[in-house]
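Some notes on the structure that comes next.
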Amino acid sequence: MSTNLKKETLATRILGSDGAVSVLVVLLGFLVGTILVGMVGRNPLNMYKAILQALSGYNIDNGRMNVRYIGETLNYSVPFILCGFSMAFAARAGLFNIGGEGQYIMGMTVAQIIGLLGPAVTGLHWILAITGAMVVGAFWGGIVGILKAKFEVSEVVSTIMLNYVALYLSRIISLQLPGATTYKTANYPDTALLNNPFFRTITNNSMLNNGFFLMIIAVVVYWFIMEKTNLGFGLRATGFNREAARCSGIPVVKSIAISMAIAGAFAGLAGGIVALGSFRYGRVLSGMDNYGFNGIAVALVGNNTALGTMLAGALFGLLKNSQALMQSKQIPKEITFIIQGLIVVFIALRAAIALYFAWRSKRQLQKEVLKK
Amino acid sequence: MEHAIEMIGITKTFPGVIANDNVTLEVASQEVHALLGENGAGKSTLMSILFGAYNADSGTIRIHGNEVDIKDPNVATELGIGMVHQHFKLVHNYTVTENIVLGMEPKNRLGVLDIRQAEKRVAKLSDMYGLRVDPTELVENITVGAQQRVEILKTLYRNAKIIIFDEPTAVLTPQEIDELIEIIRRLKAEGKTILLITHKLKEIKAVADRCTVLRRGKYIGTVDVSTATEQHLAEMMVGRAVQFEIEKQPAQIGDVVLSVRNLSVADGLGNLKLKDFSVDVHRGEIVGIAGVDGNGQTELLYGLSGLSPVVQGTILLDGNDITHATIRRRIELGLGHIPEDRQRHGLVSDFTISENSVLKNYYKAPFSKKYGILDYEKIDADAEDLIEQFDIRAGRGVGTIAGSLSGGNQQKVIVAREIHLSPHVLLVAQPTRGLDVGAIEYIRHRIIAERDKGRAILLVSFELDEIMNLCDRIATISKGAVVGIFEQHEVTEREIGMMMMAGAKSDGGEA
């Protein structure tokens, strides 16, 4: 068969690269979002002004700069990114972890318990609380992994159920904590907070905290485990072809349990960071924060890679931070949810786009052959 | 000479590939015409164009002298073209007749399905062509050979004048192949035109009148089968001289390495498919397991490799009891496995060649360094060697995604990995299924070479040719038990065929 593979068009090269497709999809999402804003009679430019301000801190209308916005955007990004990793890590091992939310809630709850009742020792207290959050997140994910690996229980079903177990369990526990009312507990001692005075100063009093460091470490850890270690190799092999992995002697049952546990640890970490970084008191949840669910979209946009998921999470954080700014500019904040939804829809449409380009390159090849 | 089919100057491209490049095929009326070519030569594409599954980019098609535009398979059916697919398109829990009338169900005046009427017609057609199919039997209860005859009936029921057979013998036993050849002769005698797609030369010699050869999407030539030798056809197909018989030295048989005693293994549904199976494999010999598909070969391989739990019996490897050992432990003790289903068990098709080449030992030195960190440089260098040693054709070297390789090259990756692990015992299942002549030749030579290095090899194959050619001892298996074990020269292919059939399923009833 004679080939023409060397002559790749720009389009096929873009589609060959997952990253480029994601960028394309995000741009498409914004494009449609812009049109929608125009259709409801608002000026789309205001939407971009809000986003620009959330991104850079620069207010284009009055020319003022406030770095606090940058800090807030980064702070909002942290749980999105970590919950993205929770989804992505399991996805790389071939599992669909919808339980990021439950793992996140459990992490948050345990961080609150340790934050309120743990030893108030500087430096040790918050580390202990965060570690506890990760451990319980890993446990919450690990249950699913073991059920799946040993008894073939669908992880989709068990994670969804455990999300609700986590939510109500969290309420029961949090109501027992010191000073608990129907929506909050007493304030944490200062030793439990993730507060970082240096970050605070350089970002003009934003909520940016040590959680940001932890997130960066998580990105590196994720990348390293997946791409560089033999643990990641086994997980990826299991994810792509479970039977071939098993036939090659890879302990598939263990791989699945481990990957769900690590996925849970990422979400638990996110819960711990939100509990001790964004609030001074424990919360008695009445509903879900939805970071876990948004993590699914983040991982989809980020193609389950370390860098991609981080950038996608940052985008979601940016949109969340620009919501308030948009409202002050008469742009309904719901547009950010619409854009997020559109991005996911376009990702799903990716197969269709690929088909279109395959068809086009075929036409081109036909012409060349017929000319000959 | 009147032509039933004329396909002139057919060109068909797929993204990145020219599958048919100005191909011409002329089939005379009422002849058996073979279309010969290796995998990927463009045979299937050409036939799909004739059957209306694809549209050609350029070229003309004439059926019985009239130029036609075959837009979809319905047009092909109207023109009297029928196709017997390689993978049967049958609904398993429907009866033979229900399958045959599917899509054109006969109705009575009230518009109610009238299956009796169809059954009568199917029975009549079946008699007329000697197809021996019971129209009321469920498809799942009849043999593979009978299922194929149902496919033939399907085309006859739709009044096909031209019948295309796509690799019809791939799934049949020697006896069933003989029967099929009889049926084809009968169809021809009744005035049908037969187009036979195959890469098996024996069958062409047995049944075809003329043969058109394709190579790499190009038309090579059309020859009279009676005047062409197999050697000549093979050279046209491959483009170089081909060696048929494998030369091998007498086996240097050593001690027992793999000892299987009274092994019983169940299938996924819990049915005992392998019962009380015992065999010994010595150093330096190839033991073949001959049998019809579905008689316990898969369970034997699964039990030995650890994919399925052993119900009863023992497996000793070099004296170590591995009956209930984990798969990894078996591999570490020196059990190699070239699996039956290479897509499912052999390769991670999204992984690169490098990654696939270390699938079984990635966690060990030198591929993993301290703390479980992978040494990709080492892995790539190693894979580079394998690509060279095993002549793996990959567009992008070690970084090529395994799924993008041709079937032959995928198999070479697996064979390379397993041989490179230098196992004491090598389980080999269907090593050459679906591969082209060049790759088959190569892989068989590598297996013999392993034997000569003193490895113990257990070969499972549904191709008797392969068993007869390669093995030093042959065990026939039927209904999950050994029927007999023989030295290579003690038995003929025919005798083994008889033993294989001893336990086969009923033949669909004598209608």
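Letters for chains follow the order of the structure tokens (A, B, ...), residue numbers begin at 1 for each chain, and ligand numbers begin at 1 in the order shown.
What chain B places within 7 Å of chain A, counting only C-alpha atoms, is Thr13, Phe14, Pro15, Gly16, Val17, Ile18, Ala19, Arg216, Gly217, Leu307, Ile327, Arg328, Arg344, His345, Gly346, Leu347, Val348, Asp350, Leu359, Lys360, Tyr362, Tyr363, Ser368, Gly372, Ile373 and Leu374 of chain B.
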Give me a file of those residues, with N, CA and C atoms, as a PDB file, in the first residue's frame.
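The resulting file, part.pdb, is shown below:
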ATOM      1  N   THR B  13      -9.366   5.138  -2.397  1.00  0.00           N
ATOM      2  CA  THR B  13      -8.407   5.618  -1.398  1.00  0.00           C
ATOM      3  C   THR B  13      -9.067   5.753  -0.040  1.00  0.00           C
ATOM      4  N   PHE B  14      -8.275   5.499   0.972  1.00  0.00           N
ATOM      5  CA  PHE B  14      -8.672   5.812   2.340  1.00  0.00           C
ATOM      6  C   PHE B  14      -7.675   6.837   2.843  1.00  0.00           C
ATOM      7  N   PRO B  15      -7.988   7.525   3.948  1.00  0.00           N
ATOM      8  CA  PRO B  15      -7.028   8.509   4.436  1.00  0.00           C
ATOM      9  C   PRO B  15      -5.632   7.899   4.549  1.00  0.00           C
ATOM     10  N   GLY B  16      -4.708   8.433   3.778  1.00  0.00           N
ATOM     11  CA  GLY B  16      -3.327   7.978   3.890  1.00  0.00           C
ATOM     12  C   GLY B  16      -3.001   6.697   3.145  1.00  0.00           C
ATOM     13  N   VAL B  17      -3.988   6.086   2.502  1.00  0.00           N
ATOM     14  CA  VAL B  17      -3.745   4.776   1.903  1.00  0.00           C
ATOM     15  C   VAL B  17      -4.479   4.663   0.572  1.00  0.00           C
ATOM     16  N   ILE B  18      -3.812   4.125  -0.432  1.00  0.00           N
ATOM     17  CA  ILE B  18      -4.507   3.785  -1.669  1.00  0.00           C
ATOM     18  C   ILE B  18      -4.766   2.284  -1.623  1.00  0.00           C
ATOM     19  N   ALA B  19      -6.009   1.906  -1.362  1.00  0.00           N
ATOM     20  CA  ALA B  19      -6.314   0.482  -1.167  1.00  0.00           C
ATOM     21  C   ALA B  19      -6.397  -0.246  -2.499  1.00  0.00           C
ATOM     22  N   ARG B 216      -0.346  -5.250  -2.820  1.00  0.00           N
ATOM     23  CA  ARG B 216      -0.261  -3.862  -2.372  1.00  0.00           C
ATOM     24  C   ARG B 216      -1.196  -2.937  -3.149  1.00  0.00           C
ATOM     25  N   GLY B 217      -2.418  -3.386  -3.341  1.00  0.00           N
ATOM     26  CA  GLY B 217      -3.422  -2.550  -3.986  1.00  0.00           C
ATOM     27  C   GLY B 217      -3.334  -2.517  -5.498  1.00  0.00           C
ATOM     28  N   LEU B 307      -4.924 -17.493  33.513  1.00  0.00           N
ATOM     29  CA  LEU B 307      -6.045 -16.582  33.253  1.00  0.00           C
ATOM     30  C   LEU B 307      -7.346 -17.118  33.852  1.00  0.00           C
ATOM     31  N   ILE B 327      -0.319 -15.118  37.910  1.00  0.00           N
ATOM     32  CA  ILE B 327       0.207 -15.043  36.547  1.00  0.00           C
ATOM     33  C   ILE B 327       1.649 -14.533  36.579  1.00  0.00           C
ATOM     34  N   ARG B 328       1.892 -13.540  37.405  1.00  0.00           N
ATOM     35  CA  ARG B 328       3.243 -12.974  37.442  1.00  0.00           C
ATOM     36  C   ARG B 328       4.272 -14.007  37.913  1.00  0.00           C
ATOM     37  N   ARG B 344      -6.716  -8.860  22.459  1.00  0.00           N
ATOM     38  CA  ARG B 344      -7.290  -8.810  23.790  1.00  0.00           C
ATOM     39  C   ARG B 344      -6.250  -9.108  24.859  1.00  0.00           C
ATOM     40  N   HIS B 345      -5.420 -10.118  24.622  1.00  0.00           N
ATOM     41  CA  HIS B 345      -4.498 -10.551  25.664  1.00  0.00           C
ATOM     42  C   HIS B 345      -3.041 -10.221  25.387  1.00  0.00           C
ATOM     43  N   GLY B 346      -2.717 -10.004  24.121  1.00  0.00           N
ATOM     44  CA  GLY B 346      -1.305  -9.917  23.790  1.00  0.00           C
ATOM     45  C   GLY B 346      -0.725  -8.520  23.871  1.00  0.00           C
ATOM     46  N   LEU B 347      -1.524  -7.546  23.486  1.00  0.00           N
ATOM     47  CA  LEU B 347      -0.990  -6.198  23.339  1.00  0.00           C
ATOM     48  C   LEU B 347      -1.876  -5.175  24.016  1.00  0.00           C
ATOM     49  N   VAL B 348      -1.238  -4.088  24.460  1.00  0.00           N
ATOM     50  CA  VAL B 348      -2.001  -2.904  24.825  1.00  0.00           C
ATOM     51  C   VAL B 348      -1.906  -2.013  23.602  1.00  0.00           C
ATOM     52  N   ASP B 350      -2.926   0.800  22.678  1.00  0.00           N
ATOM     53  CA  ASP B 350      -2.641   2.241  22.801  1.00  0.00           C
ATOM     54  C   ASP B 350      -1.216   2.515  23.263  1.00  0.00           C
ATOM     55  N   LEU B 359       6.016  -5.207  28.709  1.00  0.00           N
ATOM     56  CA  LEU B 359       4.751  -5.368  29.433  1.00  0.00           C
ATOM     57  C   LEU B 359       4.854  -6.377  30.574  1.00  0.00           C
ATOM     58  N   LYS B 360       5.720  -7.369  30.414  1.00  0.00           N
ATOM     59  CA  LYS B 360       5.789  -8.416  31.436  1.00  0.00           C
ATOM     60  C   LYS B 360       6.923  -8.224  32.426  1.00  0.00           C
ATOM     61  N   TYR B 362       8.489  -4.891  33.025  1.00  0.00           N
ATOM     62  CA  TYR B 362       8.786  -3.463  33.183  1.00  0.00           C
ATOM     63  C   TYR B 362       9.208  -3.121  34.607  1.00  0.00           C
ATOM     64  N   TYR B 363       8.761  -3.931  35.565  1.00  0.00           N
ATOM     65  CA  TYR B 363       8.988  -3.592  36.973  1.00  0.00           C
ATOM     66  C   TYR B 363      10.325  -4.093  37.487  1.00  0.00           C
ATOM     67  N   SER B 368      13.333  -0.950  35.410  1.00  0.00           N
ATOM     68  CA  SER B 368      12.971  -0.111  36.553  1.00  0.00           C
ATOM     69  C   SER B 368      14.211   0.085  37.414  1.00  0.00           C
ATOM     70  N   GLY B 372      11.251   2.209  41.883  1.00  0.00           N
ATOM     71  CA  GLY B 372      10.241   1.980  40.853  1.00  0.00           C
ATOM     72  C   GLY B 372      10.208   3.021  39.751  1.00  0.00           C
ATOM     73  N   ILE B 373      11.351   3.688  39.522  1.00  0.00           N
ATOM     74  CA  ILE B 373      11.372   4.682  38.446  1.00  0.00           C
ATOM     75  C   ILE B 373      11.789   3.999  37.142  1.00  0.00           C
ATOM     76  N   LEU B 374      11.024   4.232  36.105  1.00  0.00           N
ATOM     77  CA  LEU B 374      11.283   3.555  34.835  1.00  0.00           C
ATOM     78  C   LEU B 374      12.442   4.198  34.093  1.00  0.00           C
TER      79      LEU B 374
END
Open item on the list: as number ranges by chain, please: the residues near Ala4 (chain B) (cut-off 6 Å, only C-alpha atoms, same-chain neighbours under 2 positions excluded).
Closed with: B: 27-29, 63-64
Just N, CA and C atoms for this one: save the residues we selected as a tab-separated table (two decimals), in the first residue's frame.
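Full text of out-v3.tsv as output:
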chain	number	residue	atom	x	y	z
B	27	VAL	N	-14.42	-11.48	-14.50
B	27	VAL	CA	-14.84	-12.83	-14.12
B	27	VAL	C	-15.82	-13.33	-15.17
B	28	ALA	N	-15.48	-14.48	-15.77
B	28	ALA	CA	-16.36	-15.04	-16.79
B	28	ALA	C	-17.60	-15.63	-16.13
B	29	SER	N	-18.64	-15.73	-16.90
B	29	SER	CA	-19.88	-16.30	-16.40
B	29	SER	C	-19.67	-17.77	-16.05
B	63	ILE	N	-21.94	-5.53	-14.89
B	63	ILE	CA	-22.45	-6.84	-14.48
B	63	ILE	C	-23.21	-7.41	-15.67
B	64	HIS	N	-22.81	-8.57	-16.11
B	64	HIS	CA	-23.39	-9.20	-17.31
B	64	HIS	C	-23.44	-8.20	-18.46
Open item on the list: Residues within 6 Å of Gly295 (chain A), please, as a count of residues only. Count only C-alpha atoms; anything in the same chain fewer than 6 positions from it doesn't count.
Closed with: 3
Open item on the list: I'd like the contact shell of region 322-334 of chain A - 9 Å cut-off, only C-alpha atoms, skipping same-chain residues fewer than 4 positions apart - returned as JSON, numbers by chain.
Closed with: {"A": [37, 42, 43, 44, 46, 47, 48, 49, 50, 51, 52, 53, 54, 55, 69, 73, 317, 318, 338, 339]}
Take the selection from the previous step and output its residues with C-alpha atoms, as a compact mmCIF listing (two decimals), in the first residue's frame.
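Ended up saving to out-v4.txt:
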# COMPACT_ATOMS: atom_id res chain seq x y z
CA VAL A 37 -24.36 37.11 25.70
CA ARG A 42 -25.65 42.53 26.84
CA ASN A 43 -22.25 43.65 25.68
CA PRO A 44 -19.95 40.60 25.41
CA ASN A 46 -17.98 43.28 29.50
CA MET A 47 -17.66 39.54 29.94
CA TYR A 48 -14.09 39.63 28.65
CA LYS A 49 -13.32 42.67 30.79
CA ALA A 50 -14.41 40.68 33.83
CA ILE A 51 -12.34 37.69 32.80
CA LEU A 52 -9.32 39.88 32.11
CA GLN A 53 -9.65 41.45 35.53
CA ALA A 54 -9.92 38.05 37.22
CA LEU A 55 -6.89 36.87 35.28
CA TYR A 69 -7.91 39.08 41.88
CA THR A 73 -8.27 33.07 40.84
CA GLY A 317 -11.05 28.76 38.70
CA LEU A 318 -10.74 31.84 36.53
CA ILE A 338 -22.92 27.73 30.11
CA ILE A 339 -19.39 28.10 28.78
Open item on the list: If I take CA of Ala208 (chain B) and CA of His33 (chain B), how far is one from the other in Å, to one decimal?
Closed with: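 Interatomic distance, CA of Ala208 (chain B) to CA of His33 (chain B): 5.6 Å.
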Please provide the set of residues having any atom within 9 Å of region 181-189 of chain A, restricted to only C-alpha atoms, with same-chain residues fewer than 2 positions apart removed, written as a PDB file with C-alpha atoms, in the first residue's frame.
ATOM      1  CA  GLN A 112     -12.622  20.090  60.084  1.00  0.00           C
ATOM      2  CA  GLY A 115      -8.824  21.440  62.708  1.00  0.00           C
ATOM      3  CA  LEU A 116     -11.156  21.874  65.683  1.00  0.00           C
ATOM      4  CA  LEU A 117     -10.046  19.063  67.969  1.00  0.00           C
ATOM      5  CA  ALA A 120      -2.961  23.177  68.337  1.00  0.00           C
ATOM      6  CA  SER A 174     -20.102  18.191  61.852  1.00  0.00           C
ATOM      7  CA  LEU A 175     -23.174  18.789  64.010  1.00  0.00           C
ATOM      8  CA  GLN A 176     -21.323  17.098  66.881  1.00  0.00           C
ATOM      9  CA  LEU A 177     -18.339  19.443  66.600  1.00  0.00           C
ATOM     10  CA  PRO A 178     -17.789  22.251  69.158  1.00  0.00           C
ATOM     11  CA  GLY A 179     -20.026  25.259  68.633  1.00  0.00           C
ATOM     12  CA  THR A 191      -2.637  26.746  63.992  1.00  0.00           C
ATOM     13  CA  ALA A 192      -5.133  24.860  61.835  1.00  0.00           C
ATOM     14  CA  LEU A 193      -5.363  27.500  59.115  1.00  0.00           C
ATOM     15  CA  LEU A 276      -8.840  25.065  56.224  1.00  0.00           C
ATOM     16  CA  PHE A 279     -12.961  29.208  55.775  1.00  0.00           C
ATOM     17  CA  ARG A 280     -12.106  30.069  59.398  1.00  0.00           C
ATOM     18  CA  TYR A 281     -14.777  27.697  60.702  1.00  0.00           C
ATOM     19  CA  GLY A 282     -16.076  24.221  59.936  1.00  0.00           C
ATOM     20  CA  ARG A 283     -19.160  24.037  57.735  1.00  0.00           C
ATOM     21  CA  VAL A 284     -22.245  21.908  58.266  1.00  0.00           C
ATOM     22  CA  LEU A 285     -22.989  21.168  54.619  1.00  0.00           C
ATOM     23  CA  SER A 286     -26.523  21.479  53.343  1.00  0.00           C
TER      24      SER A 286
END
Task: Residues within 7 Å of Thr326 (chain B), only C-alpha atoms, excluding chain neighbours under 3 positions, as a ChimeraX atom specification - done: /B:306,329-330
Open item on the list: I need the alpha helix (DSSP H) residues of region 49-186 of chain B per DSSP on the backbone, written as an MDAnalysis selection string.
Closed with: chainID B and resid 49:51 73:78 96:101 115:128 144:157 174:186
